[in-house]
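Asks: So I've got this file, work18.tsv, and it contains TSV, C-alpha atoms:
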chain	number	residue	atom	x	y	z
A	268	MET	CA	-24.05	-5.43	5.11
A	269	LYS	CA	-24.04	-9.19	4.83
A	270	ALA	CA	-21.59	-9.00	1.94
A	271	ALA	CA	-19.36	-6.61	3.86
A	272	ALA	CA	-19.28	-8.74	6.97
A	273	PHE	CA	-18.61	-11.85	4.95
A	274	PHE	CA	-15.86	-10.43	2.79
A	275	PHE	CA	-13.85	-8.94	5.61
A	276	GLY	CA	-14.53	-12.07	7.63
A	277	ARG	CA	-13.63	-14.85	5.28
A	278	SER	CA	-13.23	-15.39	1.55
A	279	GLY	CA	-11.69	-12.16	0.37
A	280	SER	CA	-9.51	-11.96	3.45
A	281	PHE	CA	-6.53	-13.56	1.76
A	282	LEU	CA	-6.08	-10.31	-0.17
A	283	CYS	CA	-4.94	-8.76	3.09
A	284	LEU	CA	-2.40	-11.52	3.56
A	285	LEU	CA	-0.95	-10.65	0.15
A	286	ALA	CA	-0.19	-7.15	1.41
A	287	LEU	CA	2.55	-8.49	3.64
A	288	PHE	CA	3.84	-10.77	0.89
A	289	PHE	CA	4.20	-7.99	-1.67
A	290	SER	CA	5.53	-5.43	0.79
A	291	GLY	CA	8.59	-7.43	1.72
A	292	HIS	CA	9.49	-9.20	4.92
A	293	THR	CA	6.73	-9.13	7.52
A	294	ALA	CA	8.93	-8.05	10.37
A	295	ALA	CA	10.43	-5.23	8.33
A	296	PHE	CA	6.93	-4.14	7.31
A	297	LEU	CA	5.53	-4.01	10.82
A	298	PHE	CA	8.59	-2.94	12.75
A	299	PRO	CA	10.89	-0.82	10.53
A	300	THR	CA	13.91	0.86	11.99
A	301	ALA	CA	13.48	4.39	13.26
A	302	ASP	CA	14.70	7.42	11.33
A	303	VAL	CA	17.21	8.24	14.06
A	304	SER	CA	20.12	5.92	13.39
A	305	SER	CA	21.98	4.08	16.10
A	306	LEU	CA	25.23	5.31	14.52
A	307	HIS	CA	24.23	8.93	15.18
A	308	ILE	CA	23.31	8.16	18.77
A	309	THR	CA	26.56	6.25	19.30
A	310	LYS	CA	28.52	9.17	17.89
A	311	THR	CA	26.68	11.56	20.21
A	312	ARG	CA	27.50	9.39	23.22
A	313	GLY	CA	31.15	9.31	22.17
A	314	GLN	CA	31.27	13.10	22.00
A	315	PHE	CA	29.77	13.36	25.47
A	316	SER	CA	32.41	10.94	26.71
A	317	ARG	CA	35.16	13.13	25.27
A	318	ILE	CA	33.67	16.19	26.96
A	319	HIS	CA	33.58	14.52	30.35
A	320	ALA	CA	37.08	13.04	29.86
A	321	VAL	CA	38.62	16.46	29.22
A	322	ARG	CA	36.71	17.98	32.12
A	323	ASP	CA	37.80	15.22	34.51
A	324	GLU	CA	41.41	15.51	33.33
A	325	VAL	CA	41.45	19.23	34.06
A	326	ILE	CA	39.79	18.84	37.45
A	327	ASP	CA	41.59	15.73	38.69
A	328	VAL	CA	45.07	16.20	37.26
A	329	GLY	CA	45.17	19.95	36.92
A	330	VAL	CA	47.27	21.98	34.50
A	331	PRO	CA	49.55	24.80	35.72
A	332	ALA	CA	48.60	28.26	34.51
A	333	ASN	CA	52.03	28.85	32.94
A	334	ASP	CA	52.04	25.42	31.23
A	335	SER	CA	51.91	25.58	27.43
A	336	ARG	CA	49.16	22.96	27.56
A	337	SER	CA	46.94	25.27	29.60
A	338	SER	CA	45.70	27.43	26.75
A	339	ASP	CA	45.24	24.42	24.45
A	340	THR	CA	43.30	22.52	27.09
A	341	SER	CA	41.21	25.57	27.94
A	342	THR	CA	40.40	26.14	24.27
A	343	SER	CA	39.56	22.46	23.78
A	344	LEU	CA	37.34	22.42	26.85
A	345	THR	CA	35.51	25.58	25.70
A	346	GLN	CA	34.87	24.11	22.26
A	347	LEU	CA	33.65	20.84	23.72
A	348	GLN	CA	31.35	22.65	26.15
A	349	GLU	CA	29.83	24.59	23.25
A	350	GLN	CA	29.47	21.35	21.37
A	351	LYS	CA	27.86	19.80	24.44
A	352	GLY	CA	25.21	22.53	24.44
A	353	GLU	CA	24.49	21.90	20.77
A	354	LEU	CA	24.29	18.16	21.39
A	355	ARG	CA	21.84	18.68	24.24
A	356	PHE	CA	19.57	20.64	21.91
A	357	ASP	CA	20.03	18.00	19.20
A	358	ALA	CA	19.19	15.23	21.66
A	359	GLU	CA	15.99	17.00	22.69
A	360	ALA	CA	14.95	17.32	19.06
A	361	ILE	CA	15.73	13.65	18.46
A	362	LEU	CA	13.72	12.54	21.49
A	363	SER	CA	10.80	14.73	20.41
A	364	GLN	CA	10.88	13.17	16.93
A	365	ILE	CA	11.05	9.66	18.34
A	366	LYS	CA	8.01	10.30	20.55
A	367	VAL	CA	5.98	11.52	17.57
A	368	MET	CA	7.09	8.63	15.40
A	369	ASP	CA	6.40	6.11	18.11
A	370	LYS	CA	2.81	7.30	18.39
A	371	ASN	CA	2.15	6.91	14.67
A	372	THR	CA	4.13	3.69	14.51
A	373	ILE	CA	2.03	2.21	17.30
A	374	ILE	CA	-1.20	3.30	15.60
A	375	ASN	CA	-0.26	1.96	12.17
A	376	THR	CA	1.29	-1.23	13.49
A	377	SER	CA	-1.81	-1.88	15.60
A	378	ILE	CA	-4.05	-1.46	12.57
A	379	PHE	CA	-2.02	-3.95	10.54
A	380	ALA	CA	-1.69	-6.39	13.42
A	381	ILE	CA	-5.40	-6.36	14.24
A	382	ALA	CA	-6.33	-6.75	10.56
A	383	LEU	CA	-3.87	-9.60	10.10
A	384	VAL	CA	-4.99	-11.48	13.22
A	385	THR	CA	-8.66	-11.02	12.29
A	386	VAL	CA	-8.09	-12.23	8.74
A	387	VAL	CA	-6.12	-15.29	9.78
A	388	PHE	CA	-8.66	-16.23	12.45
A	389	GLN	CA	-11.66	-15.83	10.15
A	390	VAL	CA	-10.07	-17.74	7.28
A	391	LEU	CA	-8.98	-20.64	9.48
A	392	SER	CA	-12.29	-20.77	11.37
A	393	VAL	CA	-14.47	-21.29	8.29
A	394	ASP	CA	-14.96	-24.95	9.24
A	395	ILE	CA	-14.90	-24.50	13.00
A	396	GLY	CA	-17.04	-27.05	14.79
A	397	ILE	CA	-16.85	-29.69	12.06
A	398	THR	CA	-13.13	-30.38	11.90
A	399	ARG	CA	-13.03	-32.87	14.77
A	400	GLY	CA	-11.28	-35.98	13.59
A	401	TRP	CA	-9.96	-34.38	10.43
A	402	SER	CA	-6.38	-35.06	9.45
A	403	ALA	CA	-3.95	-32.24	8.69
A	404	GLU	CA	-4.28	-33.07	4.99
A	405	GLU	CA	-8.07	-32.79	5.15
A	406	ILE	CA	-7.88	-29.42	6.91
A	407	ALA	CA	-5.35	-28.11	4.39
A	408	TYR	CA	-7.67	-29.18	1.56
A	409	ARG	CA	-11.05	-28.18	3.00
A	410	VAL	CA	-10.26	-24.75	4.48
A	411	PRO	CA	-9.30	-23.09	1.14
A	412	LEU	CA	-12.08	-24.93	-0.71
A	413	ASP	CA	-14.79	-23.98	1.79
A	414	ASN	CA	-13.63	-20.35	1.84
A	415	TRP	CA	-13.84	-20.30	-1.94
A	416	ASN	CA	-17.32	-21.86	-1.95
A	417	SER	CA	-18.47	-19.36	0.66
A	418	TYR	CA	-17.11	-16.48	-1.39
A	419	ASN	CA	-18.97	-17.63	-4.50
A	420	ALA	CA	-22.18	-18.02	-2.50
A	421	ILE	CA	-22.11	-14.46	-1.20
A	422	LEU	CA	-20.93	-13.19	-4.61
A	423	ALA	CA	-24.04	-14.69	-6.20
A	424	SER	CA	-26.37	-13.09	-3.64
A	425	ALA	CA	-24.69	-9.64	-3.49
A	426	PRO	CA	-22.33	-9.21	-6.48
A	427	ILE	CA	-21.90	-5.43	-6.52
A	428	GLN	CA	-21.38	-5.07	-2.77
A	429	THR	CA	-18.89	-7.94	-2.68
A	430	LYS	CA	-16.92	-6.63	-5.64
A	431	SER	CA	-16.91	-3.12	-4.19
A	432	ILE	CA	-15.42	-4.34	-0.93
A	433	THR	CA	-12.94	-6.50	-2.86
A	434	SER	CA	-11.68	-3.48	-4.78
A	435	ALA	CA	-11.65	-1.28	-1.67
A	436	THR	CA	-9.42	-3.79	0.09
A	437	VAL	CA	-7.08	-4.11	-2.88
A	438	TYR	CA	-6.77	-0.36	-3.37
A	439	ALA	CA	-5.95	0.17	0.30
A	440	ILE	CA	-3.33	-2.59	0.11
A	441	GLY	CA	-1.91	-1.19	-3.11
A	442	ASP	CA	-1.54	2.35	-1.78
A	443	THR	CA	0.10	1.04	1.39
A	444	ILE	CA	2.59	-0.93	-0.68
A	445	ALA	CA	3.20	2.11	-2.89
A	446	GLN	CA	4.11	4.22	0.12
A	447	ARG	CA	6.37	1.50	1.49
A	448	THR	CA	8.18	1.10	-1.83
A	449	GLU	CA	8.71	4.87	-1.85
A	450	GLY	CA	10.71	4.43	1.36
A	451	THR	CA	8.04	5.61	3.79
A	452	GLU	CA	8.40	4.14	7.28
A	453	ILE	CA	5.33	2.58	8.84
A	454	GLY	CA	5.06	5.39	11.37
A	455	GLU	CA	4.93	7.92	8.52
A	456	LEU	CA	2.30	6.22	6.36
A	457	ASP	CA	-0.29	8.68	5.10
A	458	ARG	CA	-3.51	7.17	6.43
A	459	ALA	CA	-5.63	9.81	4.67
A	460	ARG	CA	-4.07	8.85	1.33
A	461	ILE	CA	-4.77	5.16	2.00
A	462	GLY	CA	-8.34	6.06	2.91
A	463	ARG	CA	-8.80	7.94	-0.36
A	464	SER	CA	-7.56	4.96	-2.37
A	465	LEU	CA	-9.87	2.67	-0.39
A	466	ALA	CA	-12.82	4.95	-1.17
A	467	ALA	CA	-11.89	5.04	-4.87
A	468	GLY	CA	-11.96	1.25	-4.98
A	469	LEU	CA	-15.22	1.09	-3.02
A	470	ILE	CA	-17.31	3.63	-4.93
A	471	GLY	CA	-15.49	3.54	-8.24
A	472	HIS	CA	-13.57	0.50	-9.35
A	473	GLY	CA	-15.76	-2.20	-7.80
A	474	PRO	CA	-19.17	-1.12	-9.16
A	475	LEU	CA	-17.84	0.12	-12.51
A	476	SER	CA	-15.84	-3.05	-13.12
A	477	HIS	CA	-18.89	-5.18	-12.35
A	478	TYR	CA	-20.88	-3.45	-15.08
A	479	TRP	CA	-17.96	-3.31	-17.52
A	480	TYR	CA	-17.32	-7.06	-17.47
A	481	GLN	CA	-21.04	-7.87	-17.72
A	482	ILE	CA	-21.62	-5.46	-20.63
A	483	SER	CA	-18.42	-6.53	-22.40
A	484	GLU	CA	-19.31	-10.21	-22.15
A	485	ASP	CA	-22.88	-9.61	-23.34
A	486	PHE	CA	-21.72	-7.47	-26.27
A	487	PHE	CA	-19.21	-9.99	-27.59
A	488	ASN	CA	-21.35	-13.07	-26.98
A	489	ASN	CA	-24.85	-11.88	-27.87
A	490	VAL	CA	-24.32	-8.95	-30.25
A	491	LEU	CA	-21.16	-9.83	-32.19
A	492	MET	CA	-21.61	-13.56	-31.61
A	493	TRP	CA	-17.86	-13.94	-31.08
A	494	THR	CA	-17.67	-17.00	-28.87
A	495	ASP	CA	-14.76	-18.90	-30.43
A	496	TRP	CA	-11.49	-19.45	-28.59
A	497	TRP	CA	-9.87	-16.42	-30.25
A	498	SER	CA	-12.56	-14.00	-29.02
A	499	PHE	CA	-10.46	-13.10	-25.98
A	500	ILE	CA	-8.02	-11.21	-28.25
A	501	PRO	CA	-10.42	-8.40	-29.28
A	502	LYS	CA	-11.71	-8.29	-25.71
A	503	VAL	CA	-8.19	-7.55	-24.48
A	504	VAL	CA	-7.72	-4.89	-27.18
A	505	ILE	CA	-11.00	-3.15	-26.27
A	506	ASP	CA	-10.15	-3.35	-22.59
A	507	GLN	CA	-6.78	-1.71	-23.08
A	508	THR	CA	-7.99	1.03	-25.43
A	509	LEU	CA	-11.28	1.94	-23.72
A	510	TRP	CA	-11.72	0.65	-20.19
A	511	GLY	CA	-8.09	0.95	-19.04
A	512	PRO	CA	-7.60	4.67	-19.84
A	513	PHE	CA	-11.15	5.46	-18.67
A	514	TRP	CA	-10.59	3.96	-15.24
A	515	ASN	CA	-7.08	5.34	-14.80
A	516	ASN	CA	-8.40	8.86	-15.36
A	517	SER	CA	-11.46	8.17	-13.20
A	518	TYR	CA	-9.11	7.21	-10.37
A	519	ILE	CA	-7.19	10.48	-10.74
A	520	VAL	CA	-10.48	12.44	-10.79
A	521	LEU	CA	-11.82	10.68	-7.68
A	522	LEU	CA	-8.65	11.38	-5.74
A	523	GLY	CA	-8.63	14.98	-6.93
A	524	VAL	CA	-12.23	15.49	-5.79
A	525	MET	CA	-11.51	13.94	-2.38
A	526	GLN	CA	-8.49	16.25	-2.03
A	527	LEU	CA	-10.61	19.26	-3.05
A	528	GLN	CA	-8.30	20.04	-5.94
A	529	LYS	CA	-9.19	22.65	-8.52
A	530	PRO	CA	-10.55	21.32	-11.86
A	531	SER	CA	-7.51	22.76	-13.60
A	532	GLN	CA	-5.22	20.75	-11.33
A	533	VAL	CA	-7.18	17.55	-11.95
A	534	TRP	CA	-7.08	18.14	-15.69
A	535	ALA	CA	-3.35	18.79	-15.56
A	536	ASP	CA	-2.87	15.52	-13.65
A	537	ILE	CA	-4.89	13.64	-16.26
A	538	LYS	CA	-2.79	15.04	-19.10
A	539	ARG	CA	0.43	14.34	-17.23
A	540	THR	CA	-0.36	10.74	-16.23
A	541	THR	CA	-2.48	9.31	-19.09
A	542	ILE	CA	0.33	8.32	-21.45
A	543	PRO	CA	2.73	7.03	-18.75
A	544	LEU	CA	-0.06	4.90	-17.25
A	545	VAL	CA	-1.04	3.48	-20.64
A	546	VAL	CA	2.60	2.59	-21.32
A	547	SER	CA	2.99	1.04	-17.87
A	548	GLY	CA	-0.27	-0.87	-18.34
A	549	LEU	CA	0.91	-2.42	-21.59
A	550	LYS	CA	3.72	-4.07	-19.66
A	551	LEU	CA	1.27	-5.83	-17.34
A	552	TRP	CA	-2.33	-6.05	-18.49
A	553	PRO	CA	-2.32	-7.65	-21.97
A	554	LEU	CA	-0.86	-10.89	-20.63
A	555	ALA	CA	-3.00	-10.77	-17.47
A	556	HIS	CA	-6.15	-10.15	-19.52
A	557	CYS	CA	-5.44	-13.14	-21.74
A	558	ILE	CA	-6.26	-15.09	-18.60
A	559	THR	CA	-9.06	-12.68	-17.58
A	560	TYR	CA	-11.02	-13.04	-20.84
A	561	GLY	CA	-9.76	-16.44	-21.93
A	562	LEU	CA	-10.01	-18.59	-18.80
A	563	VAL	CA	-11.77	-16.86	-15.89
A	564	PRO	CA	-15.61	-16.96	-15.66
A	565	VAL	CA	-17.19	-13.52	-15.89
A	566	GLU	CA	-18.42	-13.56	-12.27
A	567	ASN	CA	-14.88	-14.16	-10.98
A	568	ARG	CA	-13.02	-11.79	-13.29
A	569	LEU	CA	-12.92	-8.90	-10.88
A	570	LEU	CA	-11.41	-11.09	-8.15
A	571	TRP	CA	-8.65	-12.21	-10.52
A	572	VAL	CA	-8.10	-8.67	-11.78
A	573	ASP	CA	-7.97	-7.37	-8.21
A	574	LEU	CA	-5.22	-9.84	-7.38
A	575	VAL	CA	-3.20	-8.53	-10.33
A	576	GLU	CA	-4.14	-4.98	-9.37
A	577	ILE	CA	-2.21	-5.23	-6.13
A	578	VAL	CA	0.75	-4.59	-8.43
A	579	TRP	CA	-1.11	-2.14	-10.66
A	580	VAL	CA	-2.56	-0.04	-7.84
A	581	THR	CA	0.97	0.36	-6.51
A	582	ILE	CA	1.84	1.98	-9.85
A	583	LEU	CA	-1.37	4.03	-9.91
A	584	ALA	CA	-0.94	5.30	-6.37
A	585	THR	CA	2.67	6.24	-7.03
A	586	GLN	CA	1.62	8.21	-10.13
A	587	ALA	CA	-1.18	9.93	-8.23
A	588	ALA	CA	1.16	10.84	-5.37
A	589	GLY	CA	3.60	12.24	-7.93
A	590	SER	CA	0.79	14.45	-9.25
A	591	VAL	CA	0.24	15.93	-5.79
A	592	GLU	CA	3.95	16.62	-5.33
A	593	HIS	CA	4.10	18.15	-8.82
A	594	ASN	CA	1.18	20.47	-8.02
A	595	GLU	CA	2.69	21.53	-4.71
A	596	ALA	CA	5.99	22.32	-6.41
A	597	SER	CA	4.19	24.35	-9.11
A	598	GLU	CA	2.30	26.36	-6.50
A	599	LYS	CA	5.55	27.20	-4.70
A	600	ASN	CA	7.13	28.38	-7.93
What would you get if you wrote out this structure as structure tokens?

Replies:
Amino acid sequence: MKAAAFFFGRSGSFLCLLALFFSGHTAAFLFPTADVSSLHITKTRGQFSRIHAVRDEVIDVGVPANDSRSSDTSTSLTQLQEQKGELRFDAEAILSQIKVMDKNTIINTSIFAIALVTVVFQVLSVDIGITRGWSAEEIAYRVPLDNWNSYNAILASAPIQTKSITSATVYAIGDTIAQRTEGTEIGELDRARIGRSLAAGLIGHGPLSHYWYQISEDFFNNVLMWTDWWSFIPKVVIDQTLWGPFWNNSYIVLLGVMQLQKPSQVWADIKRTTIPLVVSGLKLWPLAHCITYGLVPVENRLLWVDLVEIVWVTILATQAAGSVEHNEASEKN
């Protein structure tokens, strides 16, 4: 619990700030335009104006019964009245949709706003009470440094819990970004899908990654005795051929279990996504892991990897969502 309170409170909080950075402009992320376009509403208003104009012309000016314009005006008025009835129905549907969207938009925006305010406050208040007399330069230097020192302190006392919460945060951020890049408005975000990704990071990626990096480091250093500068190269190769595919498929399995999918569906998803994910991973991870295994201390590797995984989880979540859509389409056929 201490690790959880600390992580969400301070050091790991900057991961949440990255969500807004990677998802585009903050204002567009929090307050996207509604699905009902202003052009459609303007057009509807214009049609209503035409209806009332024709009606007023007939009433105020009047058209003689034997006038050749009478039948044309009558026909035009009838058509516009029918159109007016259709527009009234359309307007009711639009208003109903807006009300539903507004509810979800308010909920989702509130979640992001509260999280963002909490994160910013906790990060900036790490040195509260001792900053009196500090210059702006001192604050700018000490706040990041003290957050980092606090993170390492809690990481040393509760490594698995801290790494689990780190991964949970990143996977929630990544899935949110994935949905946004797919064109989903904030009011339409699938909160259940985000929750599943968060759970996969919490119970899967965090703990498993902790043990993987510890075992990998021990194997290369104490069994193979490969400690020279070049030893990061075989570490990257092993990571990409063993750990990468294993975790990608574990992620698909975890999501499938949480969605109560049939084993055959999960297996089909694994077969469908394994090769594309490996290919996508080769575009990102080899270079990132040169830093992971060549420069970053073993205790901080998951934090570095999780920062990179904000991009990777976006890819993973998109692939997983594609699996669900593929299954739904197969069931319909």

Asks: What is the distance, in Å and to one decimal place, between atom CA of A:Val565 and atom CA of A:Ser392?

Replies: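 About the pair atom CA of A:Val565 and atom CA of A:Ser392: they are 28.6 Å apart.
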
Asks: Rank A:Glu455, A:Glu405, A:Glu449, A:Asp413 by their smallest atom-to-atom distance to A:Thr376, using all atoms listed in the file, and report the top residue only.

Replies: A:Glu455

Asks: How many Å separate atom CA of A:Trp552 from atom CA of A:Gln507?

Replies: 7.7 Å

Asks: Got a sec: who's within 9 Å of A:Leu521, counting all atoms listed in the file, leaving out chain neighbours fewer than 5 positions off, as JSON, numbers by chain?

Replies: {"A": [463, 464, 466, 467, 471, 516, 526]}

Asks: Calculated over all atoms listed in the file, which of the candidates A:Arg458, A:Lys502, A:Lys550, A:His477 has the smallest distance to A:Ala439?

Replies: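 Checking each candidate against A:Ala439, we get A:Arg458 as the closest.
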
Asks: Taking into account all atoms listed in the file, which residue in the set A:Trp579, A:Trp415, A:Tyr560, A:Phe486 is nearest to A:Val545?

Replies: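 When distances to A:Val545 are compared using all atoms listed in the file, the smallest one comes from A:Trp579.
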
Asks: What does the distance between atom CA of A:Ile461 and atom CA of A:Tyr438 come to in Å, to one decimal place?

Replies: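 The value is 8.0 Å.
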
Asks: With distances taken over all atoms listed in the file, which of A:Gln446, A:Ser431, A:Thr541, A:Ser498 is nearest to A:Gly561?

Replies: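 That would be A:Ser498, the residue with the smallest distance to A:Gly561.
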
Asks: Taking all atoms listed in the file into account, which of A:Asn489, A:His556, A:Val393, A:Asn515 comes nearest A:Asp536?

Replies: A:Asn515

Asks: Let me make sure I understand: among A:Val437, A:Leu469, A:Val524, A:Val578, which one has the smallest atom-to-atom distance to A:Gly548 if we use all atoms listed in the file?

Replies: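 Nearest candidate to A:Gly548 out of A:Val437, A:Leu469, A:Val524, A:Val578: A:Val578.
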
Asks: Scan for residues within 12 Å of the point (-8.6, 18.0, -16.0) in the coordinates of the file, using all atoms listed in the file, and reply as a list of chain:residue names.

Replies: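 Checking each residue against the 12 Å limit leaves A:Asn516, A:Ser517, A:Ile519, A:Val520, A:Leu521, A:Gly523, A:Val524, A:Gln528, A:Lys529, A:Pro530, A:Ser531, A:Gln532, A:Val533, A:Trp534, A:Ala535, A:Asp536, A:Ile537, A:Lys538, A:Arg539, A:Thr540, A:Thr541.
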
Asks: Can you tell me, as a VMD selection string, what residues are no more than 10 Å from A:Leu475 when counting only C-alpha atoms, ignoring any on the same chain fewer than 2 positions away?

Replies: chain A and resid 427 430 to 431 468 to 473 477 to 480 510 514
